[in-house]
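Enquirer: Sending over a structure as structure tokens; questions will come in a sec.
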Amino acid sequence: LCSVSLVSFLQMIKGIIIVNNHGKPRLVKFYQSVTSEEKQQSVIRRVFQVVSQRPDSFCNYCEGSIEEWGENIKLIYRHYATLYFVFAVDANESDLGILDLIQVFVEALDKCFENVCELDLIFHSDRVHYILDEIVMGGMVLETNIVQILQAIKDQGKMHSDSLTKLDPSASSNIQQRLGGDTAKWQYNW
């Protein structure tokens with residue numbers, strides 16, 4: 001019991017939720033457990049209701065509680081075009097620090113997808129999760145330097161490309177045939 005409460009105490013970020021203007025989740029990552037899918041959906045709905053009802057002229061954070069994460073939770077968010085990027089954090093976290101973290105995440109997405117849009121988050125969710133994992137892991141911030149983040153993403157892309165070229169020719173042609181002949185359209189733009 002003590003180790004569980006220590007782990008949740010150390011997690012400064014409880015969850016990251018990206019939803020569109022209609023409340024449809026585009027990325028959800030809970031770092032502090034939310035037990036059932038029903039409760040997860042409830043958290044997403046409540047978070048969306050809070051941030052979507054706030055005018056753009058208001059500050060980008062709300063304090064309160066989310067039953068699944070306890071008291072003293074802050075929702076820190078940015079609204080870009082059709083997407084809300086929401087970080088649920090411990091009340092002791094710096095609002096400006098988390099806003100900067102959101103900015104770093106969005107800049108990394110923008111560099112990787114060349115003007116990121118909602119469809120990129122839908123169709124390339126694996127890449128989006130990888131980018132997020134370079135920045136935040138287990139509720140703790142790993143990296144905020146955009147140059148370091150982009151280098152790690154570029155290195156991952158190179159490893160991905162290298163793994164595709166090391167396939168034996170028969171396997172490669174079989175994969176190419178399954179993809180409809182043109183594998184260039186399936187290459188990542190790292």
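Just so we're on the same page: first chain in the structure tokens is A, next is B, and so on; residues restart at 1 for each chain, and ligands are numbered from 1 in the order they show up.
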Among region 6-185 of chain A, which ones does DSSP place in strand (DSSP E or B), written as a VMD selection string?
Expert: chain A and resid 13 to 20 25 to 30 61 to 66 70 to 80 83 to 90 136 to 137 140 to 141
Enquirer: Which polymer residues have any atom within 7 Å of an atom of region 91-103 of chain A, counting only C-alpha atoms, with same-chain residues fewer than 2 positions away left out, as a list in words?
Expert: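 Close residues of region 91-103 of chain A: Asn72, Ile73, Lys74, Ile76, Val89, Phe105, Val106, Glu107 and Thr144 of chain A.
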Enquirer: Taking all heavy atoms for each residue, export the selection above as an mmCIF file, in the first residue's frame.
Expert:
data_model
loop_
_atom_site.group_PDB
_atom_site.id
_atom_site.type_symbol
_atom_site.label_atom_id
_atom_site.label_comp_id
_atom_site.auth_asym_id
_atom_site.auth_seq_id
_atom_site.Cartn_x
_atom_site.Cartn_y
_atom_site.Cartn_z
ATOM 1 N N ASN A 72 -7.101 18.382 -5.468
ATOM 2 C CA ASN A 72 -5.968 19.225 -5.856
ATOM 3 C C ASN A 72 -5.354 18.834 -7.194
ATOM 4 O O ASN A 72 -4.147 18.623 -7.299
ATOM 5 C CB ASN A 72 -4.900 19.224 -4.749
ATOM 6 C CG ASN A 72 -5.439 19.787 -3.465
ATOM 7 O OD1 ASN A 72 -6.237 20.728 -3.469
ATOM 8 N ND2 ASN A 72 -5.029 19.202 -2.352
ATOM 9 N N ILE A 73 -6.183 18.748 -8.187
ATOM 10 C CA ILE A 73 -5.732 18.467 -9.551
ATOM 11 C C ILE A 73 -5.927 19.742 -10.367
ATOM 12 O O ILE A 73 -6.932 20.446 -10.220
ATOM 13 C CB ILE A 73 -6.540 17.315 -10.180
ATOM 14 C CG1 ILE A 73 -6.346 16.027 -9.397
ATOM 15 C CG2 ILE A 73 -6.184 17.111 -11.649
ATOM 16 C CD1 ILE A 73 -4.946 15.473 -9.393
ATOM 17 N N LYS A 74 -4.957 20.033 -11.215
ATOM 18 C CA LYS A 74 -5.086 21.161 -12.133
ATOM 19 C C LYS A 74 -5.191 20.632 -13.551
ATOM 20 O O LYS A 74 -4.469 19.703 -13.919
ATOM 21 C CB LYS A 74 -3.872 22.086 -12.042
ATOM 22 C CG LYS A 74 -3.847 22.932 -10.808
ATOM 23 C CD LYS A 74 -2.851 24.058 -10.916
ATOM 24 C CE LYS A 74 -1.455 23.591 -10.631
ATOM 25 N NZ LYS A 74 -0.493 24.683 -10.468
ATOM 26 N N ILE A 76 -4.382 21.888 -17.093
ATOM 27 C CA ILE A 76 -3.659 22.935 -17.814
ATOM 28 C C ILE A 76 -3.769 22.582 -19.291
ATOM 29 O O ILE A 76 -3.478 21.453 -19.689
ATOM 30 C CB ILE A 76 -2.196 23.007 -17.348
ATOM 31 C CG1 ILE A 76 -2.171 23.296 -15.843
ATOM 32 C CG2 ILE A 76 -1.443 24.071 -18.135
ATOM 33 C CD1 ILE A 76 -0.808 23.280 -15.216
ATOM 34 N N VAL A 89 -2.561 17.593 -13.940
ATOM 35 C CA VAL A 89 -1.338 17.528 -13.133
ATOM 36 C C VAL A 89 -1.647 17.742 -11.659
ATOM 37 O O VAL A 89 -2.719 18.222 -11.287
ATOM 38 C CB VAL A 89 -0.301 18.578 -13.603
ATOM 39 C CG1 VAL A 89 0.081 18.380 -15.055
ATOM 40 C CG2 VAL A 89 -0.804 19.992 -13.385
ATOM 41 N N PHE A 105 5.608 19.869 -26.951
ATOM 42 C CA PHE A 105 4.956 18.716 -27.555
ATOM 43 C C PHE A 105 4.349 19.092 -28.908
ATOM 44 O O PHE A 105 4.536 18.389 -29.912
ATOM 45 C CB PHE A 105 3.892 18.164 -26.600
ATOM 46 C CG PHE A 105 3.128 16.973 -27.097
ATOM 47 C CD1 PHE A 105 3.754 15.942 -27.780
ATOM 48 C CD2 PHE A 105 1.764 16.871 -26.866
ATOM 49 C CE1 PHE A 105 3.034 14.836 -28.230
ATOM 50 C CE2 PHE A 105 1.048 15.773 -27.305
ATOM 51 C CZ PHE A 105 1.676 14.759 -27.991
ATOM 52 N N VAL A 106 3.641 20.210 -28.966
ATOM 53 C CA VAL A 106 3.004 20.644 -30.210
ATOM 54 C C VAL A 106 4.060 20.991 -31.256
ATOM 55 O O VAL A 106 3.916 20.647 -32.437
ATOM 56 C CB VAL A 106 2.036 21.816 -29.956
ATOM 57 C CG1 VAL A 106 1.529 22.420 -31.259
ATOM 58 C CG2 VAL A 106 0.871 21.359 -29.092
ATOM 59 N N GLU A 107 5.145 21.633 -30.847
ATOM 60 C CA GLU A 107 6.223 21.947 -31.793
ATOM 61 C C GLU A 107 6.858 20.679 -32.345
ATOM 62 O O GLU A 107 7.169 20.604 -33.541
ATOM 63 C CB GLU A 107 7.288 22.811 -31.123
ATOM 64 C CG GLU A 107 6.916 24.256 -31.000
ATOM 65 C CD GLU A 107 8.006 25.097 -30.372
ATOM 66 O OE1 GLU A 107 9.214 24.763 -30.538
ATOM 67 O OE2 GLU A 107 7.675 26.080 -29.701
ATOM 68 N N THR A 144 12.697 18.278 -22.279
ATOM 69 C CA THR A 144 12.001 19.476 -22.738
ATOM 70 C C THR A 144 12.768 20.188 -23.853
ATOM 71 O O THR A 144 12.247 21.121 -24.444
ATOM 72 C CB THR A 144 11.788 20.476 -21.582
ATOM 73 O OG1 THR A 144 13.058 20.813 -21.021
ATOM 74 C CG2 THR A 144 10.878 19.885 -20.520
#
Enquirer: Just want the 12 Å neighbourhood of Asp126 (chain A), counted on only C-alpha atoms, with same-chain residues fewer than 6 positions away dropped. Output as a PDB file with all heavy atoms, in the first residue's frame.
Expert:
ATOM      1  N   ARG A  26      -8.591  12.181 -29.237  1.00  0.00           N
ATOM      2  CA  ARG A  26      -7.633  11.873 -30.297  1.00  0.00           C
ATOM      3  C   ARG A  26      -6.356  11.251 -29.735  1.00  0.00           C
ATOM      4  O   ARG A  26      -5.649  10.559 -30.440  1.00  0.00           O
ATOM      5  CB  ARG A  26      -7.304  13.121 -31.109  1.00  0.00           C
ATOM      6  CG  ARG A  26      -8.506  13.684 -31.837  1.00  0.00           C
ATOM      7  CD  ARG A  26      -9.157  12.627 -32.677  1.00  0.00           C
ATOM      8  NE  ARG A  26     -10.309  13.148 -33.409  1.00  0.00           N
ATOM      9  CZ  ARG A  26     -11.288  12.382 -33.847  1.00  0.00           C
ATOM     10  NH1 ARG A  26     -11.286  11.088 -33.603  1.00  0.00           N
ATOM     11  NH2 ARG A  26     -12.282  12.896 -34.511  1.00  0.00           N
ATOM     12  N   LEU A  27      -6.077  11.505 -28.470  1.00  0.00           N
ATOM     13  CA  LEU A  27      -4.982  10.840 -27.757  1.00  0.00           C
ATOM     14  C   LEU A  27      -5.341  10.875 -26.284  1.00  0.00           C
ATOM     15  O   LEU A  27      -5.754  11.916 -25.779  1.00  0.00           O
ATOM     16  CB  LEU A  27      -3.643  11.550 -27.974  1.00  0.00           C
ATOM     17  CG  LEU A  27      -2.473  10.953 -27.209  1.00  0.00           C
ATOM     18  CD1 LEU A  27      -1.258  10.818 -28.103  1.00  0.00           C
ATOM     19  CD2 LEU A  27      -2.121  11.772 -25.999  1.00  0.00           C
ATOM     20  N   ASP A 120      -3.535  13.774 -38.643  1.00  0.00           N
ATOM     21  CA  ASP A 120      -2.237  13.168 -38.310  1.00  0.00           C
ATOM     22  C   ASP A 120      -2.328  12.392 -37.002  1.00  0.00           C
ATOM     23  O   ASP A 120      -1.766  11.305 -36.871  1.00  0.00           O
ATOM     24  CB  ASP A 120      -1.143  14.237 -38.200  1.00  0.00           C
ATOM     25  CG  ASP A 120      -0.825  14.887 -39.530  1.00  0.00           C
ATOM     26  OD1 ASP A 120      -0.809  14.173 -40.553  1.00  0.00           O
ATOM     27  OD2 ASP A 120      -0.588  16.104 -39.536  1.00  0.00           O
ATOM     28  N   LEU A 132       5.292  11.624 -27.771  1.00  0.00           N
ATOM     29  CA  LEU A 132       4.921  11.925 -26.387  1.00  0.00           C
ATOM     30  C   LEU A 132       5.812  11.168 -25.407  1.00  0.00           C
ATOM     31  O   LEU A 132       6.242  11.728 -24.391  1.00  0.00           O
ATOM     32  CB  LEU A 132       3.450  11.588 -26.139  1.00  0.00           C
ATOM     33  CG  LEU A 132       2.929  11.872 -24.731  1.00  0.00           C
ATOM     34  CD1 LEU A 132       3.094  13.349 -24.370  1.00  0.00           C
ATOM     35  CD2 LEU A 132       1.477  11.449 -24.612  1.00  0.00           C
ATOM     36  N   ASP A 133       6.126   9.905 -25.723  1.00  0.00           N
ATOM     37  CA  ASP A 133       6.979   9.111 -24.839  1.00  0.00           C
ATOM     38  C   ASP A 133       8.406   9.642 -24.761  1.00  0.00           C
ATOM     39  O   ASP A 133       9.122   9.360 -23.808  1.00  0.00           O
ATOM     40  CB  ASP A 133       7.000   7.645 -25.276  1.00  0.00           C
ATOM     41  CG  ASP A 133       5.696   6.934 -24.989  1.00  0.00           C
ATOM     42  OD1 ASP A 133       4.877   7.480 -24.203  1.00  0.00           O
ATOM     43  OD2 ASP A 133       5.478   5.850 -25.559  1.00  0.00           O
ATOM     44  N   TYR A 188       7.891   6.831 -43.249  1.00  0.00           N
ATOM     45  CA  TYR A 188       7.690   7.902 -42.283  1.00  0.00           C
ATOM     46  C   TYR A 188       8.461   9.125 -42.690  1.00  0.00           C
ATOM     47  O   TYR A 188       9.558   9.050 -43.213  1.00  0.00           O
ATOM     48  CB  TYR A 188       8.187   7.478 -40.892  1.00  0.00           C
ATOM     49  CG  TYR A 188       7.262   6.549 -40.175  1.00  0.00           C
ATOM     50  CD1 TYR A 188       7.764   5.446 -39.492  1.00  0.00           C
ATOM     51  CD2 TYR A 188       5.907   6.761 -40.151  1.00  0.00           C
ATOM     52  CE1 TYR A 188       6.917   4.601 -38.804  1.00  0.00           C
ATOM     53  CE2 TYR A 188       5.047   5.922 -39.471  1.00  0.00           C
ATOM     54  CZ  TYR A 188       5.568   4.845 -38.804  1.00  0.00           C
ATOM     55  OH  TYR A 188       4.733   4.022 -38.130  1.00  0.00           O
TER      56      TYR A 188
END
Enquirer: Would you pick out the contacts of Ala152 (chain A) at 9 Å or less, using only C-alpha atoms, so that residues sharing its chain but fewer than 4 positions from it are not included, and give the list as a ChimeraX atom specification?
Expert: /A:131,134,147-148,156-157
Enquirer: May I have the residues from that selection written out with all heavy atoms, as a compact mmCIF listing (two decimals), in the first residue's frame?
Expert:
# COMPACT_ATOMS: atom_id res chain seq x y z
N ILE A 131 6.35 10.18 -29.93
CA ILE A 131 6.80 11.56 -29.67
C ILE A 131 6.50 11.94 -28.22
O ILE A 131 7.35 12.48 -27.51
CB ILE A 131 6.15 12.54 -30.67
CG1 ILE A 131 6.66 12.26 -32.08
CG2 ILE A 131 6.43 13.99 -30.26
CD1 ILE A 131 5.83 12.92 -33.18
N GLU A 134 8.83 10.41 -25.74
CA GLU A 134 10.15 11.05 -25.67
C GLU A 134 10.13 12.23 -24.70
O GLU A 134 11.17 12.64 -24.20
CB GLU A 134 10.60 11.54 -27.05
CG GLU A 134 11.07 10.45 -27.97
CD GLU A 134 12.30 9.74 -27.44
OE1 GLU A 134 13.22 10.38 -26.91
OE2 GLU A 134 12.34 8.49 -27.56
N VAL A 147 15.45 20.18 -29.50
CA VAL A 147 16.51 19.62 -30.36
C VAL A 147 16.77 18.17 -29.99
O VAL A 147 16.88 17.29 -30.87
CB VAL A 147 17.79 20.47 -30.26
CG1 VAL A 147 18.93 19.83 -31.02
CG2 VAL A 147 17.53 21.88 -30.76
N GLN A 148 16.85 17.87 -28.70
CA GLN A 148 17.08 16.50 -28.24
C GLN A 148 15.90 15.60 -28.60
O GLN A 148 16.09 14.44 -28.99
CB GLN A 148 17.31 16.47 -26.72
CG GLN A 148 18.58 17.15 -26.28
CD GLN A 148 19.81 16.38 -26.71
OE1 GLN A 148 19.80 15.16 -26.80
NE2 GLN A 148 20.87 17.11 -27.00
N GLN A 156 15.01 7.23 -34.25
CA GLN A 156 14.00 6.17 -34.33
C GLN A 156 13.59 5.94 -35.78
O GLN A 156 13.43 4.80 -36.21
CB GLN A 156 12.79 6.53 -33.48
CG GLN A 156 11.63 5.57 -33.62
CD GLN A 156 11.90 4.19 -33.08
OE1 GLN A 156 12.81 3.98 -32.30
NE2 GLN A 156 11.12 3.23 -33.52
N GLY A 157 13.40 7.01 -36.52
CA GLY A 157 13.04 6.89 -37.94
C GLY A 157 14.12 6.19 -38.74
O GLY A 157 13.83 5.37 -39.62
Enquirer: Of the candidates A:Glu118, A:Glu38, A:Tyr84, A:Ile153, which one gets nearest to Asp56 (chain A) if we count only C-alpha atoms?
Expert: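 For Asp56 (chain A), the nearest of the given residues is A:Tyr84.
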Enquirer: Among chain A, which residues does DSSP mark as helix (DSSP H, G or I) when it is run on the backbone? Keep the chain and numbering as in the structure and answer as a ChimeraX atom specification.
Expert: /A:2-10,37-52,95-113,118-123,125-135,146-165,169-178,184-186
Enquirer: For each of A:Tyr80, A:Ile13, A:Val86, A:Val141, take the minimum atom-to-atom distance to Asn115 (chain A), counting only C-alpha atoms, then give the residue where this is smallest.
Expert: A:Tyr80
Enquirer: What is the distance between CA of Val51 (chain A) and CA of Lys24 (chain A), in Å to one decimal?
Expert: 13.4 Å
Enquirer: Between A:Gly138, A:Tyr61, A:Leu83, A:Thr165, which has the minimum distance to Tyr31 (chain A) (counting only C-alpha atoms)?
Expert: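 Answer, going by the shortest atom-to-atom distance: A:Gly138.
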Enquirer: Between A:Glu63, A:Gly139, A:Gln151, A:Thr82, which is the closest to Cys117 (chain A) once you count only C-alpha atoms?
Expert: A:Thr82
Enquirer: Which of these, A:Lys166, A:Glu71, A:Gly23, A:Phe30, has the shortest distance to Gln53 (chain A) once you count only C-alpha atoms?
Expert: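 Of A:Lys166, A:Glu71, A:Gly23, A:Phe30, the one nearest Gln53 (chain A), counting only C-alpha atoms, is A:Gly23.
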Enquirer: Ranking A:Asp90, A:Ile17, A:Arg78, A:Lys39 by minimum distance to Gly64 (chain A) and counting only C-alpha atoms, which one comes first?
Expert: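 Among the listed residues, the smallest separation from Gly64 (chain A) belongs to A:Asp90.
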